[in-house]
file entry_18.txt (compact mmCIF, C-alpha atoms and all ligand atoms)
# COMPACT_ATOMS: atom_id res chain seq x y z
CA MET P 1 -45.01 91.40 53.56
CA THR P 2 -44.23 88.07 52.04
CA ASP P 3 -45.77 85.23 53.99
CA GLY P 4 -48.32 84.16 56.61
CA LYS P 5 -45.76 84.55 59.40
CA ASP P 6 -45.51 88.28 58.66
CA TYR P 7 -49.25 88.51 58.73
CA GLU P 8 -49.38 86.73 62.10
CA GLN P 9 -46.71 89.12 63.40
CA LEU P 10 -48.82 92.04 62.25
CA LEU P 11 -51.84 90.62 64.07
CA ALA P 12 -49.75 90.15 67.22
CA LEU P 13 -48.63 93.78 66.96
CA HIS P 14 -52.22 94.88 66.50
CA HIS P 15 -53.27 92.97 69.64
CA ALA P 16 -50.35 94.41 71.62
CA MET P 17 -51.35 97.93 70.58
CA GLN P 18 -54.96 97.26 71.58
CA LEU P 19 -53.79 96.01 74.97
CA ARG P 20 -51.56 99.06 75.51
CA ARG P 21 -54.39 101.39 74.58
CA SER P 22 -56.84 99.64 76.89
CA LEU P 23 -54.36 99.81 79.83
CA ARG P 24 -53.78 103.50 79.17
CA ASP P 25 -57.48 104.39 78.80
CA GLY P 26 -58.79 101.94 81.37
CA SER P 27 -61.24 100.77 78.69
CA PRO P 28 -61.95 97.07 78.18
CA MET P 29 -59.55 95.52 75.66
CA ALA P 30 -62.00 93.73 73.45
CA ALA P 31 -64.61 95.59 71.46
CA PRO P 32 -68.11 94.62 72.62
CA ALA P 33 -69.06 91.28 71.08
CA PRO P 34 -71.36 91.73 68.10
CA ARG P 35 -74.83 90.62 69.07
CA ARG P 36 -76.28 87.80 67.05
CA PRO P 37 -78.85 89.23 64.62
CA THR P 38 -82.19 87.90 65.73
CA GLU P 39 -84.45 88.79 62.86
CA TYR P 40 -84.15 88.96 59.12
CA ARG P 41 -87.54 90.13 57.89
CA GLU P 42 -86.67 90.57 54.21
CA ARG P 43 -85.18 87.08 54.04
CA LEU P 44 -87.55 85.41 51.55
CA ALA P 45 -87.74 88.42 49.23
CA ASP P 46 -83.94 88.69 49.38
CA GLN P 47 -83.58 85.01 48.61
CA ARG P 48 -85.51 85.42 45.36
CA LEU P 49 -83.26 88.34 44.42
CA LEU P 50 -80.13 86.35 45.25
CA VAL P 51 -81.28 83.49 43.01
CA ALA P 52 -82.18 85.97 40.23
CA SER P 53 -78.76 87.62 40.54
CA LEU P 54 -77.04 84.25 40.07
CA GLU P 55 -79.22 83.53 37.04
CA ALA P 56 -78.18 86.91 35.62
CA VAL P 57 -74.53 85.79 35.57
CA THR P 58 -73.62 84.46 32.15
CA SER P 59 -69.94 83.53 32.63
CA SER P 60 -68.67 80.17 33.90
CA ALA P 61 -68.32 79.64 37.63
CA ASP P 62 -64.50 79.51 37.31
CA GLU P 63 -64.41 82.95 35.71
CA VAL P 64 -66.56 84.45 38.46
CA VAL P 65 -64.38 82.87 41.15
CA ARG P 66 -61.25 84.28 39.49
CA SER P 67 -62.81 87.78 39.47
CA PHE P 68 -63.82 87.36 43.09
CA TYR P 69 -60.23 86.70 44.18
CA ALA P 70 -58.81 89.38 41.88
CA GLN P 71 -61.14 91.93 43.52
CA LEU P 72 -60.46 90.59 47.01
CA PHE P 73 -56.68 90.87 46.69
CA LEU P 74 -56.67 94.13 44.72
CA GLY P 75 -55.23 96.72 47.10
CA ARG P 76 -55.18 94.14 49.90
CA PRO P 77 -52.27 91.83 49.00
CA TYR P 78 -51.88 90.84 52.68
CA LEU P 79 -55.18 88.92 52.41
CA ARG P 80 -53.52 86.47 50.00
CA ASN P 81 -51.61 85.08 52.98
CA LEU P 82 -54.82 83.81 54.56
CA PHE P 83 -55.30 81.38 51.67
CA PRO P 84 -53.32 78.28 50.67
CA ALA P 85 -50.48 78.64 48.17
CA GLY P 86 -52.26 76.53 45.53
CA LEU P 87 -55.59 78.37 45.51
CA ARG P 88 -57.60 76.97 42.59
CA ALA P 89 -60.76 78.49 41.16
CA ASP P 90 -62.25 75.09 40.28
CA SER P 91 -62.11 73.74 43.82
CA ASP P 92 -62.91 76.89 45.70
CA ARG P 93 -64.76 76.47 48.97
CA LEU P 94 -65.18 80.07 50.10
CA PHE P 95 -66.97 81.18 46.96
CA SER P 96 -69.16 78.05 46.87
CA ALA P 97 -70.14 78.66 50.50
CA LEU P 98 -71.05 82.28 49.71
CA ILE P 99 -73.17 81.25 46.75
CA GLY P 100 -74.73 78.53 48.94
CA LEU P 101 -76.31 81.33 50.99
CA ALA P 102 -78.84 81.89 48.23
CA GLU P 103 -80.31 78.44 48.82
CA ALA P 104 -79.67 78.17 52.55
CA LEU P 105 -81.62 81.31 53.44
CA GLU P 106 -84.78 79.28 52.96
CA LYS P 107 -84.02 77.11 56.00
CA ILE P 108 -82.67 79.72 58.35
CA HIS P 109 -83.05 77.54 61.45
CA GLU P 110 -80.70 74.99 59.94
CA LEU P 111 -78.41 77.71 58.62
CA VAL P 112 -77.81 79.51 61.92
CA PRO P 113 -76.05 76.64 63.79
CA VAL P 114 -73.89 76.01 60.71
CA LEU P 115 -72.91 79.70 60.54
CA GLU P 116 -72.11 79.68 64.25
CA GLN P 117 -69.79 76.70 63.78
CA LEU P 118 -68.20 78.42 60.80
CA GLY P 119 -67.66 81.57 62.86
CA ARG P 120 -65.85 79.61 65.59
CA ASP P 121 -63.92 77.73 62.91
CA HIS P 122 -62.76 80.98 61.25
CA ARG P 123 -60.75 81.91 64.33
CA LYS P 124 -58.07 79.46 63.16
CA TYR P 125 -57.41 81.69 60.11
CA GLY P 126 -56.86 84.88 62.13
CA ILE P 127 -59.79 86.58 60.35
CA ARG P 128 -60.58 90.17 61.44
CA PRO P 129 -63.92 92.03 61.11
CA ALA P 130 -62.51 94.15 58.26
CA HIS P 131 -61.96 90.98 56.23
CA TYR P 132 -65.69 90.30 56.22
CA ASP P 133 -66.31 93.66 54.51
CA ALA P 134 -63.62 92.95 51.93
CA VAL P 135 -65.19 89.58 51.08
CA ARG P 136 -68.65 91.14 50.71
CA GLN P 137 -67.36 93.81 48.34
CA ALA P 138 -65.47 91.24 46.25
CA LEU P 139 -68.46 88.91 46.06
CA ILE P 140 -70.90 91.59 44.89
CA GLY P 141 -68.27 93.11 42.60
CA ALA P 142 -67.58 89.77 40.88
CA LEU P 143 -71.27 88.97 40.39
CA GLU P 144 -71.98 92.44 39.04
CA GLU P 145 -69.03 92.26 36.65
CA HIS P 146 -70.22 88.97 35.18
CA ALA P 147 -73.91 89.84 35.04
CA GLY P 148 -73.08 92.93 32.95
CA ALA P 149 -76.20 94.66 31.66
CA ASN P 150 -78.41 92.12 33.51
CA TRP P 151 -77.34 93.46 36.90
CA ARG P 152 -79.91 95.34 39.01
CA PRO P 153 -79.07 97.56 42.01
CA GLU P 154 -81.53 95.65 44.22
CA TYR P 155 -79.34 92.54 43.80
CA ALA P 156 -76.54 94.38 45.60
CA THR P 157 -78.90 95.45 48.39
CA ALA P 158 -80.17 91.87 48.86
CA TRP P 159 -76.64 90.39 48.85
CA THR P 160 -75.48 93.01 51.34
CA ARG P 161 -78.33 92.25 53.72
CA ALA P 162 -77.97 88.45 53.43
CA TYR P 163 -74.21 88.56 53.74
CA ASP P 164 -74.27 90.97 56.70
CA TYR P 165 -76.81 88.77 58.46
CA ALA P 166 -74.62 85.68 57.97
CA ALA P 167 -71.45 87.56 58.93
CA GLY P 168 -73.20 88.90 62.05
CA VAL P 169 -74.14 85.39 63.20
CA MET P 170 -70.59 84.16 62.52
CA GLN P 171 -68.90 87.06 64.30
CA ALA P 172 -71.16 86.77 67.34
CA ALA P 173 -70.28 83.07 67.67
CA GLU P 174 -66.61 83.83 67.09
CA ALA P 175 -66.62 86.48 69.82
CA ALA P 176 -68.47 84.25 72.28
CA SER P 177 -66.14 81.26 71.90
CA THR P 178 -63.87 80.48 74.83
CA ASP P 179 -62.11 77.62 73.03
CA PRO P 180 -58.68 78.05 71.45
CA PRO P 181 -58.76 79.02 67.74
CA TYR P 182 -57.13 75.67 66.98
CA TRP P 183 -55.72 72.68 68.82
CA GLN P 184 -52.21 71.32 68.48
CA GLY P 185 -52.28 67.54 67.98
CA THR P 186 -49.57 64.88 68.17
CA ILE P 187 -49.87 61.57 66.33
CA VAL P 188 -49.65 58.78 68.91
CA THR P 189 -50.37 55.82 66.61
CA HIS P 190 -50.39 55.43 62.84
CA GLU P 191 -51.58 52.18 61.23
CA ARG P 192 -51.71 51.54 57.50
CA ARG P 193 -54.76 49.28 57.13
CA TYR P 194 -54.84 49.18 53.30
CA PRO P 195 -52.35 50.59 50.76
CA ASP P 196 -54.15 53.96 50.78
CA ILE P 197 -56.00 53.89 54.11
CA ALA P 198 -54.52 54.86 57.49
CA VAL P 199 -56.01 54.98 60.97
CA LEU P 200 -54.40 57.68 63.12
CA ARG P 201 -54.80 58.41 66.81
CA ILE P 202 -54.07 61.93 67.95
CA ARG P 203 -53.59 63.53 71.36
CA THR P 204 -54.36 67.24 71.63
CA ASP P 205 -52.59 69.81 73.81
CA VAL P 206 -55.91 71.06 75.24
CA PRO P 207 -58.94 68.74 75.67
CA TYR P 208 -60.99 68.56 72.48
CA ARG P 209 -64.73 68.46 73.23
CA TYR P 210 -66.99 67.17 70.46
CA ARG P 211 -70.12 65.12 69.87
CA ALA P 212 -70.20 61.70 68.17
CA GLY P 213 -70.79 62.28 64.44
CA GLN P 214 -68.84 65.56 64.21
CA TYR P 215 -65.67 66.31 62.25
CA ALA P 216 -62.59 68.49 62.59
CA THR P 217 -60.57 70.24 59.93
CA VAL P 218 -56.91 69.24 59.91
CA GLU P 219 -53.85 71.17 58.75
CA VAL P 220 -50.46 69.45 58.35
CA PRO P 221 -47.18 71.42 58.62
CA ASN P 222 -46.19 70.78 54.97
CA GLN P 223 -49.44 72.23 53.60
CA PRO P 224 -49.99 75.48 55.51
CA ARG P 225 -53.50 76.94 55.38
CA VAL P 226 -54.93 73.86 53.62
CA TRP P 227 -57.53 72.51 56.06
CA ARG P 228 -59.35 69.27 55.26
CA PRO P 229 -62.26 67.71 57.16
CA TYR P 230 -62.01 64.31 58.87
CA SER P 231 -64.56 62.86 61.25
CA MET P 232 -63.74 61.69 64.74
CA ALA P 233 -64.15 57.91 64.52
CA THR P 234 -64.92 57.17 68.17
CA ALA P 235 -67.36 58.54 70.70
CA PRO P 236 -65.52 61.00 73.03
CA ARG P 237 -63.13 58.91 75.15
CA PRO P 238 -61.97 59.46 78.73
CA ASP P 239 -58.30 59.54 77.62
CA GLY P 240 -59.13 62.35 75.14
CA VAL P 241 -57.39 60.58 72.23
CA LEU P 242 -59.03 61.22 68.83
CA GLU P 243 -59.14 58.64 66.03
CA PHE P 244 -59.26 59.51 62.32
CA HIS P 245 -59.65 57.31 59.23
CA VAL P 246 -57.93 58.73 56.16
CA ARG P 247 -57.85 57.55 52.57
CA ALA P 248 -55.14 59.09 50.38
CA HIS P 249 -56.46 60.70 47.23
CA GLU P 250 -54.33 61.42 44.20
CA LEU P 251 -54.92 65.18 44.39
CA GLY P 252 -55.41 65.35 48.14
CA GLN P 253 -52.29 66.96 49.61
CA VAL P 254 -53.42 66.57 53.21
CA SER P 255 -54.68 63.00 52.85
CA THR P 256 -51.46 61.97 51.07
CA GLU P 257 -49.38 63.51 53.87
CA LEU P 258 -51.45 61.81 56.56
CA VAL P 259 -51.43 58.35 54.95
CA HIS P 260 -47.99 58.15 53.33
CA ARG P 261 -45.69 60.54 55.19
CA ALA P 262 -47.02 61.15 58.70
CA ARG P 263 -45.21 59.36 61.55
CA VAL P 264 -45.81 58.87 65.27
CA GLY P 265 -44.67 62.03 67.07
CA ASP P 266 -45.55 64.36 64.16
CA THR P 267 -47.71 67.34 65.00
CA LEU P 268 -50.67 68.89 63.19
CA ARG P 269 -53.40 71.41 63.91
CA LEU P 270 -57.13 70.80 64.36
CA GLY P 271 -59.95 73.31 63.93
CA PRO P 272 -62.97 73.25 66.26
CA PRO P 273 -65.59 70.48 65.97
CA MET P 274 -68.08 70.96 63.15
CA GLY P 275 -71.11 69.16 61.78
CA THR P 276 -74.71 68.68 62.79
CA ALA P 277 -75.20 64.96 62.05
CA VAL P 278 -74.86 64.17 65.73
CA VAL P 279 -76.68 61.52 67.69
CA ASP P 280 -79.48 62.28 70.11
CA THR P 281 -79.35 59.73 72.92
CA ASP P 282 -82.70 60.92 74.36
CA GLU P 283 -84.28 59.51 71.21
CA GLU P 284 -85.32 55.84 71.29
CA ARG P 285 -86.01 54.92 67.68
CA PRO P 286 -83.86 52.10 66.31
CA LEU P 287 -80.91 53.23 64.21
CA LEU P 288 -79.98 52.45 60.61
CA VAL P 289 -76.38 53.54 59.98
CA VAL P 290 -74.97 53.21 56.45
CA ALA P 291 -71.28 53.86 55.81
CA GLY P 292 -69.33 53.78 52.53
CA GLY P 293 -65.54 53.32 52.73
CA THR P 294 -63.78 55.65 55.17
CA GLY P 295 -67.14 57.40 55.61
CA LEU P 296 -67.32 54.75 58.34
CA ALA P 297 -65.56 57.12 60.76
CA PRO P 298 -68.50 59.26 61.99
CA CYS P 299 -70.79 56.21 61.79
CA ARG P 300 -68.61 54.26 64.18
CA ALA P 301 -68.60 57.20 66.62
CA VAL P 302 -72.41 57.41 66.48
CA VAL P 303 -72.77 53.65 66.93
CA GLU P 304 -70.34 53.59 69.88
CA GLN P 305 -72.13 56.48 71.55
CA VAL P 306 -75.50 54.72 71.32
CA LEU P 307 -74.21 51.31 72.36
CA THR P 308 -72.48 52.68 75.46
CA THR P 309 -75.27 55.01 76.61
CA GLN P 310 -78.36 53.11 75.36
CA PRO P 311 -77.28 49.46 75.23
CA GLY P 312 -80.83 48.23 74.52
CA ARG P 313 -81.43 50.48 71.49
CA PRO P 314 -81.30 48.43 68.27
CA VAL P 315 -78.60 49.51 65.80
CA GLN P 316 -78.04 48.18 62.30
CA LEU P 317 -74.66 49.17 60.84
CA VAL P 318 -74.08 48.60 57.13
CA PHE P 319 -70.42 49.02 56.14
CA ALA P 320 -69.95 48.99 52.36
CA VAL P 321 -66.68 48.82 50.43
CA ARG P 322 -65.69 47.87 46.92
CA HIS P 323 -63.23 45.05 47.67
CA THR P 324 -63.08 42.62 50.60
CA GLN P 325 -59.64 43.84 51.74
CA GLU P 326 -61.03 47.37 52.12
CA LEU P 327 -63.10 46.30 55.16
CA TYR P 328 -60.28 48.02 57.05
CA ASP P 329 -62.01 48.33 60.43
CA LEU P 330 -63.91 45.05 60.50
CA PRO P 331 -62.17 43.56 63.58
CA THR P 332 -63.15 46.57 65.73
CA LEU P 333 -66.73 46.48 64.46
CA ALA P 334 -66.96 42.71 64.95
CA ALA P 335 -65.71 43.12 68.55
CA LEU P 336 -68.44 45.72 69.17
CA ALA P 337 -71.10 43.39 67.72
CA GLU P 338 -69.77 40.58 69.92
CA ARG P 339 -70.02 42.76 73.02
CA TYR P 340 -73.39 44.45 72.33
CA ARG P 341 -76.23 42.20 71.23
CA SER P 342 -78.23 45.25 70.08
CA LEU P 343 -75.76 45.82 67.21
CA THR P 344 -76.35 44.07 63.89
CA LEU P 345 -73.32 44.42 61.65
CA VAL P 346 -73.73 43.98 57.88
CA PRO P 347 -70.49 44.21 55.85
CA VAL P 348 -71.27 44.68 52.15
CA VAL P 349 -68.80 44.28 49.28
CA THR P 350 -69.87 45.77 45.97
CA GLU P 351 -67.18 44.77 43.47
CA ASP P 352 -65.85 41.41 44.59
CA PRO P 353 -67.85 38.41 43.29
CA ASP P 354 -65.92 36.03 45.60
CA PHE P 355 -67.00 37.77 48.82
CA PRO P 356 -68.97 35.20 50.80
CA GLY P 357 -71.27 37.78 52.47
CA VAL P 358 -73.73 40.42 51.22
CA LYS P 359 -72.99 41.78 47.70
CA GLY P 360 -74.75 44.30 45.48
CA GLU P 361 -75.49 48.00 45.10
CA VAL P 362 -75.94 49.60 48.51
CA PRO P 363 -78.99 51.81 47.73
CA ASP P 364 -80.82 48.76 46.27
CA LEU P 365 -79.94 46.59 49.27
CA ILE P 366 -81.16 49.25 51.69
CA ALA P 367 -84.38 49.81 49.70
CA GLN P 368 -85.10 46.08 49.71
CA SER P 369 -84.49 45.59 53.43
CA GLY P 370 -86.83 48.34 54.79
CA PRO P 371 -89.24 49.73 55.90
CA TRP P 372 -87.19 52.42 57.66
CA HIS P 373 -89.78 55.10 58.47
CA ALA P 374 -89.58 54.27 62.20
CA HIS P 375 -85.75 54.51 62.27
CA GLU P 376 -83.23 57.30 62.82
CA VAL P 377 -80.96 57.06 59.78
CA TYR P 378 -77.29 58.10 59.62
CA LEU P 379 -75.49 58.21 56.26
CA SER P 380 -71.82 58.84 55.47
CA GLY P 381 -69.53 58.08 52.55
CA PRO P 382 -68.93 59.20 48.96
CA PRO P 383 -71.33 62.04 48.02
CA GLY P 384 -72.94 59.92 45.25
CA LEU P 385 -73.76 57.18 47.74
CA VAL P 386 -75.13 59.59 50.35
CA HIS P 387 -77.35 61.33 47.79
CA ALA P 388 -78.63 58.02 46.41
CA LEU P 389 -79.47 56.80 49.93
CA ASP P 390 -81.12 60.11 50.76
CA ARG P 391 -83.39 59.62 47.74
CA VAL P 392 -84.18 56.06 48.85
CA MET P 393 -85.20 57.39 52.27
CA ARG P 394 -87.54 59.96 50.70
CA ARG P 395 -89.08 57.28 48.49
CA MET P 396 -89.60 55.09 51.55
CA SER P 397 -91.34 57.96 53.42
CA VAL P 398 -88.71 58.37 56.12
CA PRO P 399 -89.31 61.86 57.57
CA PRO P 400 -86.35 64.12 56.61
CA THR P 401 -85.90 65.06 60.28
CA GLN P 402 -84.95 61.40 60.91
CA VAL P 403 -82.27 61.31 58.20
CA HIS P 404 -78.88 62.67 59.25
CA HIS P 405 -75.83 63.48 57.18
CA ASP P 406 -73.54 66.45 56.76
CA PRO P 407 -72.76 67.84 53.35
CA ALA P 408 -70.25 65.20 52.30
CA PRO P 409 -66.69 66.43 52.94
CA ALA P 410 -64.63 66.71 49.74
N1 LIG A 501 -62.56 59.99 56.34
C1 LIG A 501 -63.58 60.55 56.93
O1 LIG A 501 -63.52 60.93 58.11
C2 LIG A 501 -64.88 60.73 56.21
C3 LIG A 501 -64.97 60.46 54.85
N2 LIG A 501 -66.12 60.70 54.18
C4 LIG A 501 -66.21 60.49 52.75
O2 LIG A 501 -66.35 59.09 52.53
C5 LIG A 501 -65.88 58.79 51.23
C6 LIG A 501 -65.06 57.53 51.33
O3 LIG A 501 -64.52 57.22 50.10
P1 LIG A 501 -63.95 55.79 49.75
O4 LIG A 501 -63.44 55.12 50.99
O5 LIG A 501 -63.00 56.01 48.61
O6 LIG A 501 -65.25 55.01 49.27
P2 LIG A 501 -65.48 54.18 47.91
O7 LIG A 501 -65.51 55.08 46.74
O8 LIG A 501 -64.53 53.04 47.89
O9 LIG A 501 -66.99 53.65 48.14
C7 LIG A 501 -67.43 52.99 49.30
C8 LIG A 501 -68.69 52.22 48.99
O10 LIG A 501 -69.69 53.10 48.49
C9 LIG A 501 -70.19 52.62 47.23
N3 LIG A 501 -70.49 53.77 46.37
C10 LIG A 501 -69.63 54.77 46.06
N4 LIG A 501 -70.25 55.67 45.27
C11 LIG A 501 -71.50 55.23 45.08
C12 LIG A 501 -72.64 55.73 44.35
N5 LIG A 501 -72.57 56.87 43.65
N6 LIG A 501 -73.78 55.02 44.37
C13 LIG A 501 -73.85 53.87 45.06
N7 LIG A 501 -72.84 53.34 45.76
C14 LIG A 501 -71.68 54.00 45.77
C15 LIG A 501 -69.06 51.80 46.66
O11 LIG A 501 -69.54 50.85 45.76
C16 LIG A 501 -68.48 51.17 47.91
O12 LIG A 501 -69.22 50.03 48.28
C17 LIG A 501 -65.13 60.00 50.71
O13 LIG A 501 -65.93 60.68 49.77
C18 LIG A 501 -64.97 60.86 51.95
O14 LIG A 501 -64.96 62.24 51.66
C19 LIG A 501 -67.27 61.11 54.83
C20 LIG A 501 -67.24 61.37 56.16
C21 LIG A 501 -66.04 61.21 56.95
call {"tool": "encode", "arguments": {"input": "entry_18.txt", "output": "structure tokens"}}
result
Amino acid sequence: MTDGKDYEQLLALHHAMQLRRSLRDGSPMAAPAPRRPTEYRERLADQRLLVASLEAVTSSADEVVRSFYAQLFLGRPYLRNLFPAGLRADSDRLFSALIGLAEALEKIHELVPVLEQLGRDHRKYGIRPAHYDAVRQALIGALEEHAGANWRPEYATAWTRAYDYAAGVMQAAEAASTDPPYWQGTIVTHERRYPDIAVLRIRTDVPYRYRAGQYATVEVPNQPRVWRPYSMATAPRPDGVLEFHVRAHELGQVSTELVHRARVGDTLRLGPPMGTAVVDTDEERPLLVVAGGTGLAPCRAVVEQVLTTQPGRPVQLVFAVRHTQELYDLPTLAALAERYRSLTLVPVVTEDPDFPGVKGEVPDLIAQSGPWHAHEVYLSGPPGLVHALDRVMRRMSVPPTQVHHDPAPA
């Protein structure tokens, strides 16, 4: 077997055999859907063991990730085809997500919806139940190898239980999903708004249902199996067209393709909607929405959703960029502010002394213009900005339940 196509053919064969067997036996084709695990009693004790097991590892993260993949692919070379060609230990997402379990177990109610989204999202990779077992073995094997004499058998028990709980939630969501594993999209407009920023509109083959504030992962034909997250930049629209704002990054293969090479008529694939920083339109608190650069995308969707469904609800939108010309979506935002009196738009430029409007560091400006404890707060942009604003909100006693942001996409 040499490439992903062979693997997909194998999967197709497997499904065909399942179908034949079910017709012959009269048994239902699909195995019964795994039930979502409801309880995880040992969770807090396991979490302490997970943290201790990570502390027992003395090697660098890159070395552990390399061992993880070596163990995963050993004897299972076909699994390599599920991953991008340029798999790099230093930017690995799967391993970071697995390690993230150690921390996330603490807030299981927040973790479960994220795992369910991940489970639905994994359908785009063609992942089978046996793959989950392989990943668990490789994870525990790699940690044990690098902990050496510090390893304790109870670490393996705790990792197995935590992992199997998470995998159970994911597989139950995966089995329950009636959506396609991915959507085929066609670019219907492509506008370069700044040398490295493009705004793309995409029509999908099957309607794409999402909530304002969510994101999709995108795969372009030239970079198979590399999926990158981009937020939908408008509230869901009757014509079903999706808008994305993309900034090309030097090392970003997908963003470079989308900004510099993509053309109207090109196709791409979209994973299911993800993200929990969505807007609740039953809520009535005023909104503070702070966006940095192309992090504007989910913010604009949230703002549009509120303006169109709750036109009297006050919204303050701060859109911060480094240079004046990077205010790439200002005309659209200004038109919204013109139409809806409840929207206050504050463009901020941080590195351009000639800008005639608001200038300065965004976290300082936000701290000085509060209080915000009675607001719902939405944050999106570079991770450093989001973290700094999150800290400002804590200092200003904004309840964490009123502060919304997803882990910043890379
Ligand atoms: N395209 C999309 O759909 C989405 C993008 N994002 C993220 O938004 C970011 C956008 O990046 P760029 O447009 O290059 O923004 P940028 O780096 O040009 O920064 C935008 C603004 O944030 C300020 N800023 C940046 N880092 C800061 C820090 N550590 N502390 C205080 N202020 C800071 C800058 O001064 C500037 O005013 C990316 O990290 C991207 O992953 C987030 C959600 C969705």
call {"tool": "axis_aligned_box", "arguments": {"input": "entry_18.txt", "around": "ligand LIG 501 (chain A)", "padding_each_side": "8 Å", "output": "AutoDock Vina command-line options"}}
result
--center_x -68.2 --center_y 56.1 --center_z 50.9 --size_x 27.3 --size_y 28.2 --size_z 30.5
call {"tool": "closest_residue", "arguments": {"input": "entry_18.txt", "among": "P:Ala335, P:Ile366, P:Ala97, P:Ala176", "to": "Val318 (chain P)", "atoms": "all atoms listed in the file"}}
result
P:Ile366
call {"tool": "residues_near_ligand", "arguments": {"input": "entry_18.txt", "ligand": "ligand LIG 501 (chain A)", "cutoff": "9 Å", "atoms": "only C-alpha atoms and all ligand atoms", "output": "number ranges by chain"}}
result
P: 197, 213-216, 229-233, 244-249, 291-299, 319-323, 326, 348-351, 360-364, 379-389, 405-410
call {"tool": "closest_residue", "arguments": {"input": "entry_18.txt", "among": "P:Leu327, P:Val377, P:Leu333, P:Ala147", "to": "Arg285 (chain P)", "atoms": "only C-alpha atoms"}}
result
P:Val377
call {"tool": "closest_residue", "arguments": {"input": "entry_18.txt", "among": "P:Met393, P:Val65, P:Leu345, P:Leu143", "to": "Ala156 (chain P)", "atoms": "all atoms listed in the file"}}
result
P:Leu143
call {"tool": "residues_around", "arguments": {"input": "entry_18.txt", "residues": "region 120-136 of chain P", "least_positions_apart": "3", "cutoff": "7 Å", "atoms": "only C-alpha atoms", "output": "list in words"}}
result
Leu72, Leu82, Glu116, Gln117, Leu139, Ile140, Tyr163, Ala167, Ala173, Glu174, Ser177, Pro181, Tyr182, Gly271 and Pro272 of chain P
call {"tool": "write_last_selection", "arguments": {"input": "entry_18.txt", "atoms": "C-alpha atoms", "output": "mmCIF file, keeping the file's coordinate frame"}}
result
data_model
loop_
_atom_site.group_PDB
_atom_site.id
_atom_site.type_symbol
_atom_site.label_atom_id
_atom_site.label_comp_id
_atom_site.auth_asym_id
_atom_site.auth_seq_id
_atom_site.Cartn_x
_atom_site.Cartn_y
_atom_site.Cartn_z
ATOM 1 C CA LEU P 72 -60.460 90.590 47.010
ATOM 2 C CA LEU P 82 -54.820 83.810 54.560
ATOM 3 C CA GLU P 116 -72.110 79.680 64.250
ATOM 4 C CA GLN P 117 -69.790 76.700 63.780
ATOM 5 C CA LEU P 139 -68.460 88.910 46.060
ATOM 6 C CA ILE P 140 -70.900 91.590 44.890
ATOM 7 C CA TYR P 163 -74.210 88.560 53.740
ATOM 8 C CA ALA P 167 -71.450 87.560 58.930
ATOM 9 C CA ALA P 173 -70.280 83.070 67.670
ATOM 10 C CA GLU P 174 -66.610 83.830 67.090
ATOM 11 C CA SER P 177 -66.140 81.260 71.900
ATOM 12 C CA PRO P 181 -58.760 79.020 67.740
ATOM 13 C CA TYR P 182 -57.130 75.670 66.980
ATOM 14 C CA GLY P 271 -59.950 73.310 63.930
ATOM 15 C CA PRO P 272 -62.970 73.250 66.260
#
call {"tool": "residues_around", "arguments": {"input": "entry_18.txt", "residues": "Gly141 (chain P)", "least_positions_apart": "6", "cutoff": "9 Å", "atoms": "all atoms listed in the file", "output": "PyMOL selection string"}}
result
chain P and resi 67-68+71+156
call {"tool": "residues_around", "arguments": {"input": "entry_18.txt", "residues": "Arg237 (chain P)", "least_positions_apart": "6", "cutoff": "12 Å", "atoms": "all atoms listed in the file", "output": "list in words"}}
result
Arg201, Ile202, Arg203, Pro207, Tyr208, Arg209, Tyr210, Arg211, Ala212, Glu243, Ala301, Glu304, Gln305 and Thr308 of chain P
call {"tool": "atom_distance", "arguments": {"input": "entry_18.txt", "atom1": "CA of Ala70 (chain P)", "atom2": "CA of Trp159 (chain P)"}}
result
19.2 Å
call {"tool": "closest_residue", "arguments": {"input": "entry_18.txt", "among": "P:Glu39, P:Val303, P:Pro331, P:Asp62", "to": "Val278 (chain P)", "atoms": "only C-alpha atoms"}}
result
P:Val303
call {"tool": "closest_residue", "arguments": {"input": "entry_18.txt", "among": "P:Ser369, P:Val398, P:Thr332, P:Val264", "to": "Thr189 (chain P)", "atoms": "all atoms listed in the file"}}
result
P:Val264
call {"tool": "atom_distance", "arguments": {"input": "entry_18.txt", "atom1": "CA of Phe95 (chain P)", "atom2": "CA of Thr217 (chain P)"}}
result
18.1 Å
call {"tool": "atom_distance", "arguments": {"input": "entry_18.txt", "atom1": "CA of Leu343 (chain P)", "atom2": "CA of Arg313 (chain P)"}}
result
8.5 Å
call {"tool": "residues_around", "arguments": {"input": "entry_18.txt", "residues": "Thr204 (chain P)", "least_positions_apart": "4", "cutoff": "9 Å", "atoms": "only C-alpha atoms", "output": "PDB file with C-alpha atoms, keeping the file's coordinate frame"}}
result
ATOM      1  CA  TRP P 183     -55.720  72.680  68.820  1.00  0.00           C
ATOM      2  CA  GLN P 184     -52.210  71.320  68.480  1.00  0.00           C
ATOM      3  CA  GLY P 185     -52.280  67.540  67.980  1.00  0.00           C
ATOM      4  CA  THR P 186     -49.570  64.880  68.170  1.00  0.00           C
ATOM      5  CA  ILE P 187     -49.870  61.570  66.330  1.00  0.00           C
ATOM      6  CA  TYR P 208     -60.990  68.560  72.480  1.00  0.00           C
ATOM      7  CA  GLY P 240     -59.130  62.350  75.140  1.00  0.00           C
ATOM      8  CA  VAL P 241     -57.390  60.580  72.230  1.00  0.00           C
ATOM      9  CA  LEU P 242     -59.030  61.220  68.830  1.00  0.00           C
ATOM     10  CA  ARG P 269     -53.400  71.410  63.910  1.00  0.00           C
ATOM     11  CA  LEU P 270     -57.130  70.800  64.360  1.00  0.00           C
TER      12      LEU P 270
END
